[in-house]
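Asks: Okay, so here is protein19.tsv, and as you'll see once you scroll down, it has TSV, C-alpha atoms.
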chain	number	residue	atom	x	y	z
A	1	MET	CA	204.90	201.31	288.93
A	2	PRO	CA	204.84	204.98	290.00
A	3	SER	CA	205.39	207.33	287.12
A	4	ALA	CA	208.63	209.30	287.01
A	5	ALA	CA	208.43	212.84	288.33
A	6	ARG	CA	207.99	215.33	285.53
A	7	GLU	CA	210.70	217.91	285.02
A	8	PRO	CA	209.39	221.39	286.00
A	9	ALA	CA	208.44	223.64	283.10
A	10	LEU	CA	210.80	226.55	282.51
A	11	VAL	CA	210.57	229.95	280.83
A	12	VAL	CA	213.19	232.37	279.50
A	13	GLY	CA	213.01	236.15	279.69
A	14	LEU	CA	215.24	238.43	277.61
A	15	ASP	CA	216.12	242.10	277.94
A	16	ALA	CA	217.84	243.02	274.67
A	17	GLY	CA	219.11	246.59	274.89
A	18	GLY	CA	221.41	248.88	273.01
A	19	THR	CA	224.45	247.96	275.09
A	20	ARG	CA	223.95	244.29	275.99
A	21	THR	CA	221.47	241.42	276.06
A	22	ARG	CA	220.49	239.73	279.32
A	23	ALA	CA	218.67	236.40	279.60
A	24	VAL	CA	217.18	234.76	282.68
A	25	LEU	CA	215.85	231.26	283.22
A	26	ALA	CA	212.89	230.93	285.57
A	27	ASP	CA	210.40	228.39	286.86
A	28	ALA	CA	207.17	228.69	284.88
A	29	ALA	CA	205.07	227.99	287.97
A	30	ASP	CA	206.37	230.58	290.42
A	31	GLY	CA	208.84	232.72	288.43
A	32	SER	CA	211.79	231.87	290.67
A	33	LEU	CA	215.17	232.66	289.07
A	34	LEU	CA	217.22	229.62	288.08
A	35	GLY	CA	219.94	231.03	285.82
A	36	GLU	CA	221.14	234.09	283.95
A	37	GLY	CA	223.49	235.04	281.15
A	38	ALA	CA	224.53	237.96	278.98
A	39	GLY	CA	225.54	238.65	275.40
A	40	GLY	CA	226.24	241.59	273.10
A	41	PRO	CA	223.89	244.42	272.03
A	42	GLY	CA	220.34	243.46	271.12
A	43	ASN	CA	218.86	246.46	269.34
A	44	ALA	CA	216.66	244.84	266.70
A	45	LEU	CA	216.98	247.75	264.28
A	46	THR	CA	220.67	248.62	264.46
A	47	VAL	CA	222.38	245.26	265.07
A	48	PRO	CA	222.69	243.18	261.86
A	49	LEU	CA	220.66	239.96	261.97
A	50	PRO	CA	223.63	237.54	262.11
A	51	ARG	CA	225.15	239.43	265.04
A	52	LEU	CA	221.79	239.81	266.76
A	53	THR	CA	221.23	236.05	266.48
A	54	GLU	CA	224.71	235.41	267.88
A	55	HIS	CA	224.20	237.77	270.83
A	56	LEU	CA	220.84	236.20	271.69
A	57	ALA	CA	222.27	232.70	271.45
A	58	GLN	CA	225.17	233.68	273.72
A	59	ALA	CA	222.90	235.10	276.39
A	60	VAL	CA	220.42	232.21	276.35
A	61	ALA	CA	223.17	229.56	276.28
A	62	ARG	CA	224.75	231.06	279.38
A	63	ALA	CA	221.40	231.20	281.19
A	64	VAL	CA	220.03	227.77	280.24
A	65	PRO	CA	222.15	224.64	280.79
A	66	GLU	CA	221.98	222.09	277.98
A	67	SER	CA	220.25	219.63	280.30
A	68	ALA	CA	217.38	222.08	280.89
A	69	ARG	CA	216.73	223.24	277.33
A	70	GLY	CA	214.11	220.60	276.62
A	71	ALA	CA	212.02	221.89	279.55
A	72	VAL	CA	211.70	225.46	278.22
A	73	VAL	CA	208.04	226.00	277.36
A	74	ALA	CA	208.00	229.74	276.58
A	75	VAL	CA	210.40	232.57	275.74
A	76	ALA	CA	209.65	236.29	275.87
A	77	GLY	CA	211.96	239.15	275.00
A	78	GLY	CA	211.88	242.90	275.24
A	79	PHE	CA	213.95	244.39	272.40
A	80	ALA	CA	215.27	247.87	271.82
A	81	GLY	CA	214.19	248.81	268.32
A	82	ALA	CA	211.04	246.65	268.37
A	83	THR	CA	208.50	249.43	268.58
A	84	GLY	CA	205.17	247.79	267.82
A	85	ALA	CA	203.02	244.68	267.96
A	86	ASP	CA	202.31	244.85	264.23
A	87	GLU	CA	204.01	242.00	262.36
A	88	ASP	CA	205.13	244.53	259.74
A	89	ASP	CA	207.18	246.46	262.29
A	90	PRO	CA	210.78	245.90	261.09
A	91	GLY	CA	212.26	245.80	264.58
A	92	ARG	CA	209.76	243.23	265.78
A	93	ARG	CA	210.28	241.18	262.63
A	94	ASN	CA	214.07	241.23	263.05
A	95	ALA	CA	213.81	240.32	266.71
A	96	LEU	CA	211.50	237.39	266.03
A	97	THR	CA	213.68	236.12	263.17
A	98	ALA	CA	216.87	236.33	265.23
A	99	LEU	CA	215.28	234.84	268.35
A	100	THR	CA	213.83	231.91	266.39
A	101	ALA	CA	217.23	231.20	264.83
A	102	ALA	CA	219.04	231.47	268.17
A	103	LEU	CA	216.66	229.07	269.91
A	104	ARG	CA	216.88	226.60	267.03
A	105	ARG	CA	220.68	226.71	267.33
A	106	LEU	CA	220.35	225.78	271.02
A	107	ASP	CA	217.72	223.05	270.45
A	108	ILE	CA	215.04	224.95	272.37
A	109	ALA	CA	211.89	223.89	270.57
A	110	THR	CA	209.10	225.95	272.13
A	111	GLU	CA	206.78	227.82	269.76
A	112	ARG	CA	205.52	230.16	272.50
A	113	LEU	CA	207.57	233.21	271.58
A	114	THR	CA	206.60	236.70	272.72
A	115	VAL	CA	208.43	239.71	271.30
A	116	THR	CA	207.81	243.18	272.72
A	117	SER	CA	209.70	246.43	272.91
A	118	ASP	CA	212.21	246.73	275.72
A	119	ILE	CA	210.07	249.40	277.32
A	120	GLU	CA	207.00	247.14	277.42
A	121	ALA	CA	209.07	244.49	279.14
A	122	ALA	CA	210.47	247.04	281.58
A	123	PHE	CA	206.95	248.24	282.40
A	124	ALA	CA	205.87	244.66	283.15
A	125	SER	CA	208.81	244.42	285.58
A	126	ALA	CA	207.06	246.69	288.07
A	127	PRO	CA	205.48	245.00	291.11
A	128	GLY	CA	202.36	243.11	290.10
A	129	ALA	CA	203.25	243.16	286.37
A	130	PRO	CA	200.85	246.07	285.65
A	131	ALA	CA	198.92	246.19	282.39
A	132	ASP	CA	198.38	249.95	282.05
A	133	GLY	CA	200.34	253.13	282.74
A	134	LEU	CA	203.41	255.13	281.72
A	135	ALA	CA	206.92	253.90	281.08
A	136	LEU	CA	210.25	255.67	280.64
A	137	VAL	CA	213.65	254.30	279.63
A	138	ALA	CA	216.79	256.41	279.96
A	139	GLY	CA	219.90	254.41	279.24
A	140	THR	CA	221.96	254.41	276.06
A	141	GLY	CA	218.78	255.68	274.37
A	142	ALA	CA	215.63	257.32	275.73
A	143	VAL	CA	211.96	256.67	275.08
A	144	ALA	CA	208.65	257.22	276.87
A	145	MET	CA	205.51	255.19	276.26
A	146	ARG	CA	201.92	254.87	277.34
A	147	ILE	CA	201.08	251.21	277.92
A	148	THR	CA	197.54	249.86	277.54
A	149	ASP	CA	196.78	246.18	278.12
A	150	ARG	CA	200.55	245.51	278.24
A	151	ARG	CA	201.05	246.92	274.74
A	152	ARG	CA	202.24	250.24	273.39
A	153	ALA	CA	199.43	252.75	272.94
A	154	PHE	CA	201.72	255.53	271.76
A	155	THR	CA	205.37	256.54	272.00
A	156	VAL	CA	207.39	259.69	272.57
A	157	ASP	CA	210.96	259.82	271.22
A	158	GLY	CA	213.02	256.63	271.04
A	159	ASP	CA	213.98	257.96	267.62
A	160	GLY	CA	217.60	256.82	267.71
A	161	TRP	CA	220.91	258.66	267.94
A	162	LEU	CA	220.51	260.55	264.67
A	163	LEU	CA	217.03	261.96	265.24
A	164	GLY	CA	216.29	261.78	268.95
A	165	ASP	CA	216.92	259.85	272.17
A	166	ASP	CA	217.00	263.23	273.89
A	167	GLY	CA	218.23	263.08	277.48
A	168	SER	CA	219.78	259.64	277.03
A	169	GLY	CA	223.27	258.43	277.87
A	170	PHE	CA	224.22	258.91	274.23
A	171	TRP	CA	222.79	262.44	274.26
A	172	ILE	CA	224.73	263.32	277.43
A	173	GLY	CA	227.94	261.84	276.03
A	174	ARG	CA	227.54	263.75	272.78
A	175	GLU	CA	226.94	266.98	274.69
A	176	ALA	CA	230.14	266.34	276.66
A	177	VAL	CA	232.14	266.05	273.44
A	178	ARG	CA	230.45	269.13	272.02
A	179	ALA	CA	231.30	271.10	275.16
A	180	ALA	CA	234.92	269.97	274.91
A	181	LEU	CA	235.11	270.99	271.25
A	182	ARG	CA	233.48	274.35	271.94
A	183	MET	CA	236.01	275.04	274.67
A	184	ALA	CA	238.86	274.05	272.37
A	185	ASP	CA	237.76	276.23	269.46
A	186	GLY	CA	236.98	279.22	271.66
A	187	ARG	CA	233.18	279.27	271.53
A	188	GLY	CA	232.40	277.78	274.93
A	189	ALA	CA	233.08	278.10	278.64
A	190	ALA	CA	235.96	276.19	280.16
A	191	THR	CA	235.07	272.79	281.58
A	192	VAL	CA	236.89	269.87	283.11
A	193	LEU	CA	235.05	267.75	280.56
A	194	ALA	CA	237.66	268.65	277.94
A	195	GLY	CA	240.35	266.82	279.87
A	196	ALA	CA	238.06	263.99	281.05
A	197	VAL	CA	236.70	263.29	277.56
A	198	GLY	CA	240.14	263.42	275.97
A	199	GLN	CA	241.59	261.06	278.53
A	200	ALA	CA	238.67	258.62	278.24
A	201	LEU	CA	239.06	258.50	274.47
A	202	GLY	CA	242.80	257.85	274.66
A	203	LEU	CA	244.13	261.16	273.36
A	204	PRO	CA	247.86	261.80	273.88
A	205	ALA	CA	248.55	263.47	277.21
A	206	ARG	CA	250.46	266.26	275.45
A	207	VAL	CA	247.28	267.60	273.81
A	208	LEU	CA	245.11	267.56	276.94
A	209	PRO	CA	244.47	270.51	279.22
A	210	GLY	CA	246.18	269.52	282.43
A	211	PRO	CA	248.49	270.53	285.26
A	212	GLY	CA	250.83	273.46	284.82
A	213	SER	CA	250.64	275.74	281.84
A	214	THR	CA	247.72	273.95	280.19
A	215	ALA	CA	245.36	273.66	283.19
A	216	PRO	CA	242.10	275.63	283.10
A	217	ARG	CA	241.83	277.93	286.13
A	218	SER	CA	239.15	277.09	288.71
A	219	ALA	CA	237.33	280.29	287.84
A	220	ASP	CA	237.19	279.14	284.22
A	221	VAL	CA	235.73	275.78	285.25
A	222	ASP	CA	232.98	277.58	287.16
A	223	GLY	CA	232.21	279.43	283.94
A	224	SER	CA	232.98	282.89	285.34
A	225	SER	CA	236.02	283.83	283.26
A	226	ALA	CA	235.87	281.98	279.97
A	227	ARG	CA	237.33	285.01	278.15
A	228	SER	CA	240.24	287.22	279.04
A	229	GLY	CA	239.81	289.57	276.09
A	230	ALA	CA	237.59	290.38	273.19
A	231	ASP	CA	239.54	288.36	270.65
A	232	GLU	CA	241.17	285.41	272.41
A	233	PRO	CA	239.59	283.13	275.02
A	234	SER	CA	241.85	282.35	277.97
A	235	TYR	CA	241.77	278.86	279.43
A	236	GLY	CA	244.57	279.12	281.96
A	237	GLY	CA	247.38	278.73	279.42
A	238	TRP	CA	245.83	276.16	277.07
A	239	THR	CA	247.18	277.81	273.94
A	240	ARG	CA	245.47	278.13	270.59
A	241	ALA	CA	247.98	275.67	269.11
A	242	GLY	CA	247.32	273.21	271.92
A	243	ARG	CA	243.59	273.49	271.52
A	244	GLU	CA	243.87	272.96	267.77
A	245	ALA	CA	245.97	269.83	268.34
A	246	TYR	CA	243.32	268.57	270.79
A	247	ARG	CA	240.58	268.99	268.19
A	248	GLY	CA	242.70	267.32	265.54
A	249	HIS	CA	243.06	264.22	267.69
A	250	LEU	CA	239.55	264.15	269.19
A	251	LEU	CA	237.45	264.30	266.05
A	252	PRO	CA	238.92	261.25	264.26
A	253	VAL	CA	238.59	259.12	267.40
A	254	VAL	CA	234.93	260.04	267.86
A	255	MET	CA	234.07	259.57	264.19
A	256	ALA	CA	235.72	256.13	264.05
A	257	GLU	CA	233.35	254.61	266.62
A	258	PRO	CA	229.63	253.79	266.49
A	259	PRO	CA	227.80	256.92	267.69
A	260	THR	CA	226.06	255.18	270.58
A	261	ARG	CA	229.49	254.49	272.11
A	262	LEU	CA	229.37	258.11	273.28
A	263	ALA	CA	227.01	256.91	276.02
A	264	ARG	CA	230.04	255.64	277.94
A	265	LEU	CA	231.01	259.28	278.55
A	266	ALA	CA	227.83	260.02	280.53
A	267	PRO	CA	229.40	259.00	283.88
A	268	LEU	CA	232.15	261.58	283.28
A	269	VAL	CA	229.49	264.29	283.07
A	270	ALA	CA	227.88	263.08	286.29
A	271	GLU	CA	231.25	263.11	288.06
A	272	ALA	CA	232.08	266.60	286.76
A	273	ALA	CA	228.67	267.84	287.91
A	274	ARG	CA	229.34	266.48	291.41
A	275	GLU	CA	232.59	268.47	291.33
A	276	ARG	CA	230.55	271.63	290.58
A	277	ASP	CA	231.51	272.00	286.93
A	278	ALA	CA	228.96	274.47	285.57
A	279	VAL	CA	228.97	273.06	282.03
A	280	ALA	CA	228.39	269.49	283.23
A	281	ARG	CA	225.58	270.61	285.52
A	282	ALA	CA	223.89	272.39	282.65
A	283	ILE	CA	224.08	269.25	280.49
A	284	LEU	CA	222.39	267.13	283.16
A	285	ASP	CA	219.73	269.80	283.75
A	286	ARG	CA	218.90	269.82	280.04
A	287	ALA	CA	218.75	266.01	280.02
A	288	VAL	CA	216.17	266.06	282.82
A	289	ASP	CA	214.21	268.71	280.91
A	290	GLN	CA	214.13	266.42	277.85
A	291	LEU	CA	212.91	263.39	279.82
A	292	THR	CA	210.28	265.45	281.66
A	293	ASP	CA	209.00	266.80	278.33
A	294	ALA	CA	208.74	263.23	277.00
A	295	VAL	CA	206.60	262.14	279.97
A	296	ARG	CA	204.48	265.29	279.73
A	297	ALA	CA	203.79	264.50	276.07
A	298	LEU	CA	202.12	261.24	277.16
A	299	ALA	CA	199.27	263.34	278.66
A	300	PRO	CA	199.71	261.90	282.17
A	301	ARG	CA	196.89	261.93	284.67
A	302	THR	CA	197.47	262.99	288.25
A	303	GLY	CA	198.31	259.96	290.38
A	304	GLU	CA	199.65	257.81	287.56
A	305	ARG	CA	202.94	256.11	288.19
A	306	VAL	CA	205.83	256.19	285.78
A	307	VAL	CA	207.74	252.92	285.60
A	308	ALA	CA	211.33	253.87	284.77
A	309	THR	CA	214.51	251.98	284.00
A	310	GLY	CA	217.92	252.52	282.43
A	311	GLY	CA	221.38	253.34	283.70
A	312	LEU	CA	220.59	257.02	284.24
A	313	LEU	CA	217.58	256.27	286.45
A	314	GLY	CA	218.66	253.46	288.77
A	315	PRO	CA	219.32	253.91	292.48
A	316	GLY	CA	221.92	256.65	292.66
A	317	GLY	CA	221.57	257.36	288.94
A	318	PRO	CA	222.55	260.93	288.03
A	319	LEU	CA	219.06	261.88	286.82
A	320	THR	CA	216.94	260.00	289.37
A	321	ALA	CA	216.61	262.68	292.05
A	322	PRO	CA	215.99	265.68	289.77
A	323	LEU	CA	213.55	263.74	287.59
A	324	THR	CA	211.66	262.55	290.69
A	325	THR	CA	211.28	266.18	291.75
A	326	ARG	CA	210.03	267.25	288.31
A	327	LEU	CA	207.50	264.40	288.09
A	328	ASP	CA	206.30	265.01	291.63
A	329	ALA	CA	205.37	268.52	290.54
A	330	LEU	CA	203.19	266.91	287.84
A	331	GLY	CA	201.48	264.69	290.40
A	332	LEU	CA	203.32	261.57	289.20
A	333	THR	CA	205.31	258.94	291.08
A	334	LEU	CA	208.52	257.43	289.73
A	335	ASP	CA	208.66	253.65	290.15
A	336	LEU	CA	212.17	252.35	289.41
A	337	VAL	CA	212.90	248.88	288.01
A	338	ALA	CA	216.35	247.43	287.38
A	339	ASP	CA	215.71	246.08	283.86
A	340	GLY	CA	213.20	244.30	281.67
A	341	CYS	CA	214.11	240.71	282.57
A	342	PRO	CA	211.50	240.26	285.32
A	343	GLY	CA	208.86	241.69	283.01
A	344	ALA	CA	209.92	239.40	280.17
A	345	VAL	CA	209.64	236.44	282.54
A	346	ALA	CA	206.17	237.61	283.58
A	347	LEU	CA	205.10	237.88	279.92
A	348	ALA	CA	206.51	234.41	279.15
A	349	ARG	CA	204.61	232.93	282.09
A	350	LEU	CA	201.39	234.60	280.92
A	351	SER	CA	201.76	232.86	277.55
A	352	VAL	CA	201.89	229.35	279.07
Can you give me the file's structure in the form of structure tokens?

Replies:
Amino acid sequence: MPSAAREPALVVGLDAGGTRTRAVLADAADGSLLGEGAGGPGNALTVPLPRLTEHLAQAVARAVPESARGAVVAVAGGFAGATGADEDDPGRRNALTALTAALRRLDIATERLTVTSDIEAAFASAPGAPADGLALVAGTGAVAMRITDRRRAFTVDGDGWLLGDDGSGFWIGREAVRAALRMADGRGAATVLAGAVGQALGLPARVLPGPGSTAPRSADVDGSSARSGADEPSYGGWTRAGREAYRGHLLPVVMAEPPTRLARLAPLVAEAARERDAVARAILDRAVDQLTDAVRALAPRTGERVVATGGLLGPGGPLTAPLTTRLDALGLTLDLVADGCPGAVALARLSV
């Protein structure tokens, strides 16, 4: 009797970032995409292990039908917070522990598990799954890395919201809130970000600068008339009492949320910059400076390509064009990838 056709071997690739976790199911032979799913944040250092396990299980369950789970022969994941190949690295250890538990929960029995940083996976997502070069992530967080033989050689930044991630979505969002607070307390130039940030965070309309007596004048928004006198800043009628009420509402809302949630304000800065708000433009310029400095610290060689990913650097991303110009001046080419899932799939296939 002819033997029954064998079920094709499958692999799973994971991109576990600070905002969400994505999983893809692919054919081990040719890498063709067969399914995908998403779950909650996957930062292996900041997400508690039970939640990390739950988020990984959610993403994989949505990507891999129950009927296909027995055919999975390898799983690879790129994790934010997993910064090294050393087994003593706490992020890598957390990621491996959570991934093992999630797969066990789903009855996926493979022992071929590859855990890398999210930036290593993103680098492998470039055409041809390169083994060596430079990588840059600018999303919720920001980190640059030199990759050698598909592993981290050394890292610049990626130090988290408290100590670094300069130029990231979080950094831009925090700068937007700081600009709004500086306008409200009289230290900074007027900016439309005060109203945009307040509205996005759900502040009462009565405390926002807006139409009529509380609207900043257009000259103020351009930064040319932030002060009407030596003692009292003038923001088109936004009174001292109104500004104090704004601060009193804004600070508790910001402090009540996880700091990285400020990254959701980055699109407001990009929109304000397109509308020629001088403060917003300055924030984005400083963000590009930070990312350029991170790449420069990797000691790049002329002609090297920089594989980049993250919400700030996709097609049409607010930092893509200016960063491309800065890197071109250094003799470097920016190679954009959507995320780390294709790279994770490539790494899983290499382990089979």

Asks: What does the structure give for the distance between atom CA of A:Asp339 and atom CA of A:Ala68, in Å to one decimal?

Replies: 24.2 Å

Asks: Can you pull out the residues contacting A:Asp165? Cut-off 6 Å, using only C-alpha atoms, and skip same-chain residues under 5 positions away; I want them as a ChimeraX atom specification.

Replies: /A:141-142,158-160

Asks: Need the shell around A:Leu56: protein/DNA/RNA residues with any atom at most 9 Å away, counting all atoms listed in the file. Skip same-chain ones fewer than 6 positions apart. Format as a list in words?

Replies: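 So the residues in contact are Leu14, Ala16, Thr21, Arg22, Ala23, Ala38, Gly39, Gly40, Pro41, Gly42, Ala98, Leu99, Ala102 and Leu103 of chain A.
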
Asks: Excluding A:Ala153 and any residue of its chain fewer than 4 positions from it, enumerate the residues within 10 Å of it, using all atoms listed in the file, and give them as a PyMOL selection string.

Replies: chain A and resi 84+132-134+145-149+298

Asks: For A:Leu96, work out the shell of residues within 10 Å, counting only C-alpha atoms and skipping chain neighbours fewer than 4 positions away, then give it as a ChimeraX atom specification.

Replies: /A:44,53,77,79,82,87,90-92,100-102,113-116

Asks: Under the rule that all atoms listed in the file are counted, which of A:Val137, A:Val345, A:Leu10, A:Ala245 is the nearest residue to A:Thr320?

Replies: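 Smallest distance to A:Thr320 is found for A:Val137.
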
Asks: Is there a way to complete stretch 113-123 of chain A with all heavy atoms and then write that out as a PDB file, in the frame of the given file?

Replies:
ATOM      1  N   LEU A 113     206.605 232.112 271.624  1.00  0.00           N
ATOM      2  CA  LEU A 113     207.570 233.210 271.580  1.00  0.00           C
ATOM      3  C   LEU A 113     206.810 234.537 271.647  1.00  0.00           C
ATOM      4  O   LEU A 113     205.886 234.769 270.865  1.00  0.00           O
ATOM      5  CB  LEU A 113     208.404 233.168 270.308  1.00  0.00           C
ATOM      6  CG  LEU A 113     209.210 231.893 270.039  1.00  0.00           C
ATOM      7  CD1 LEU A 113     210.042 232.064 268.773  1.00  0.00           C
ATOM      8  CD2 LEU A 113     210.098 231.553 271.220  1.00  0.00           C
ATOM      9  N   THR A 114     207.203 235.381 272.573  1.00  0.00           N
ATOM     10  CA  THR A 114     206.600 236.700 272.720  1.00  0.00           C
ATOM     11  C   THR A 114     207.690 237.741 272.513  1.00  0.00           C
ATOM     12  O   THR A 114     208.713 237.716 273.203  1.00  0.00           O
ATOM     13  CB  THR A 114     205.979 236.881 274.115  1.00  0.00           C
ATOM     14  OG1 THR A 114     204.992 235.877 274.328  1.00  0.00           O
ATOM     15  CG2 THR A 114     205.346 238.259 274.245  1.00  0.00           C
ATOM     16  N   VAL A 115     207.478 238.634 271.556  1.00  0.00           N
ATOM     17  CA  VAL A 115     208.430 239.710 271.300  1.00  0.00           C
ATOM     18  C   VAL A 115     207.733 241.040 271.548  1.00  0.00           C
ATOM     19  O   VAL A 115     206.675 241.315 270.978  1.00  0.00           O
ATOM     20  CB  VAL A 115     208.968 239.652 269.850  1.00  0.00           C
ATOM     21  CG1 VAL A 115     209.731 240.920 269.510  1.00  0.00           C
ATOM     22  CG2 VAL A 115     209.862 238.435 269.672  1.00  0.00           C
ATOM     23  N   THR A 116     208.323 241.843 272.427  1.00  0.00           N
ATOM     24  CA  THR A 116     207.810 243.180 272.720  1.00  0.00           C
ATOM     25  C   THR A 116     208.955 244.170 272.607  1.00  0.00           C
ATOM     26  O   THR A 116     210.109 243.798 272.397  1.00  0.00           O
ATOM     27  CB  THR A 116     207.209 243.258 274.136  1.00  0.00           C
ATOM     28  OG1 THR A 116     208.278 243.199 275.098  1.00  0.00           O
ATOM     29  CG2 THR A 116     206.243 242.127 274.401  1.00  0.00           C
ATOM     30  N   SER A 117     208.639 245.435 272.789  1.00  0.00           N
ATOM     31  CA  SER A 117     209.700 246.430 272.910  1.00  0.00           C
ATOM     32  C   SER A 117     210.337 246.283 274.287  1.00  0.00           C
ATOM     33  O   SER A 117     209.745 245.726 275.217  1.00  0.00           O
ATOM     34  CB  SER A 117     209.126 247.835 272.745  1.00  0.00           C
ATOM     35  OG  SER A 117     208.322 248.179 273.861  1.00  0.00           O
ATOM     36  N   ASP A 118     211.550 246.792 274.417  1.00  0.00           N
ATOM     37  CA  ASP A 118     212.210 246.730 275.720  1.00  0.00           C
ATOM     38  C   ASP A 118     211.462 247.528 276.767  1.00  0.00           C
ATOM     39  O   ASP A 118     211.459 247.174 277.953  1.00  0.00           O
ATOM     40  CB  ASP A 118     213.664 247.201 275.615  1.00  0.00           C
ATOM     41  CG  ASP A 118     213.808 248.597 275.015  1.00  0.00           C
ATOM     42  OD1 ASP A 118     212.851 249.084 274.381  1.00  0.00           O
ATOM     43  OD2 ASP A 118     214.895 249.186 275.169  1.00  0.00           O
ATOM     44  N   ILE A 119     210.783 248.583 276.350  1.00  0.00           N
ATOM     45  CA  ILE A 119     210.070 249.400 277.320  1.00  0.00           C
ATOM     46  C   ILE A 119     208.810 248.707 277.818  1.00  0.00           C
ATOM     47  O   ILE A 119     208.423 248.830 278.982  1.00  0.00           O
ATOM     48  CB  ILE A 119     209.771 250.800 276.756  1.00  0.00           C
ATOM     49  CG1 ILE A 119     209.386 251.753 277.882  1.00  0.00           C
ATOM     50  CG2 ILE A 119     208.717 250.769 275.697  1.00  0.00           C
ATOM     51  CD1 ILE A 119     209.358 253.208 277.461  1.00  0.00           C
ATOM     52  N   GLU A 120     208.149 247.923 276.962  1.00  0.00           N
ATOM     53  CA  GLU A 120     207.000 247.140 277.420  1.00  0.00           C
ATOM     54  C   GLU A 120     207.422 246.095 278.431  1.00  0.00           C
ATOM     55  O   GLU A 120     206.743 245.863 279.438  1.00  0.00           O
ATOM     56  CB  GLU A 120     206.307 246.489 276.219  1.00  0.00           C
ATOM     57  CG  GLU A 120     205.550 247.474 275.339  1.00  0.00           C
ATOM     58  CD  GLU A 120     205.160 246.882 273.996  1.00  0.00           C
ATOM     59  OE1 GLU A 120     205.881 246.001 273.483  1.00  0.00           O
ATOM     60  OE2 GLU A 120     204.134 247.323 273.435  1.00  0.00           O
ATOM     61  N   ALA A 121     208.557 245.462 278.181  1.00  0.00           N
ATOM     62  CA  ALA A 121     209.070 244.490 279.140  1.00  0.00           C
ATOM     63  C   ALA A 121     209.463 245.152 280.447  1.00  0.00           C
ATOM     64  O   ALA A 121     209.198 244.633 281.537  1.00  0.00           O
ATOM     65  CB  ALA A 121     210.267 243.743 278.543  1.00  0.00           C
ATOM     66  N   ALA A 122     210.092 246.323 280.363  1.00  0.00           N
ATOM     67  CA  ALA A 122     210.470 247.040 281.580  1.00  0.00           C
ATOM     68  C   ALA A 122     209.233 247.435 282.380  1.00  0.00           C
ATOM     69  O   ALA A 122     209.213 247.319 283.620  1.00  0.00           O
ATOM     70  CB  ALA A 122     211.287 248.287 281.226  1.00  0.00           C
ATOM     71  N   PHE A 123     208.180 247.866 281.702  1.00  0.00           N
ATOM     72  CA  PHE A 123     206.950 248.240 282.400  1.00  0.00           C
ATOM     73  C   PHE A 123     206.367 247.034 283.145  1.00  0.00           C
ATOM     74  O   PHE A 123     205.919 247.151 284.291  1.00  0.00           O
ATOM     75  CB  PHE A 123     205.929 248.783 281.409  1.00  0.00           C
ATOM     76  CG  PHE A 123     204.665 249.263 282.057  1.00  0.00           C
ATOM     77  CD1 PHE A 123     204.629 250.504 282.670  1.00  0.00           C
ATOM     78  CD2 PHE A 123     203.531 248.491 282.054  1.00  0.00           C
ATOM     79  CE1 PHE A 123     203.460 250.960 283.284  1.00  0.00           C
ATOM     80  CE2 PHE A 123     202.358 248.920 282.656  1.00  0.00           C
ATOM     81  CZ  PHE A 123     202.328 250.164 283.272  1.00  0.00           C
TER      82      PHE A 123
END
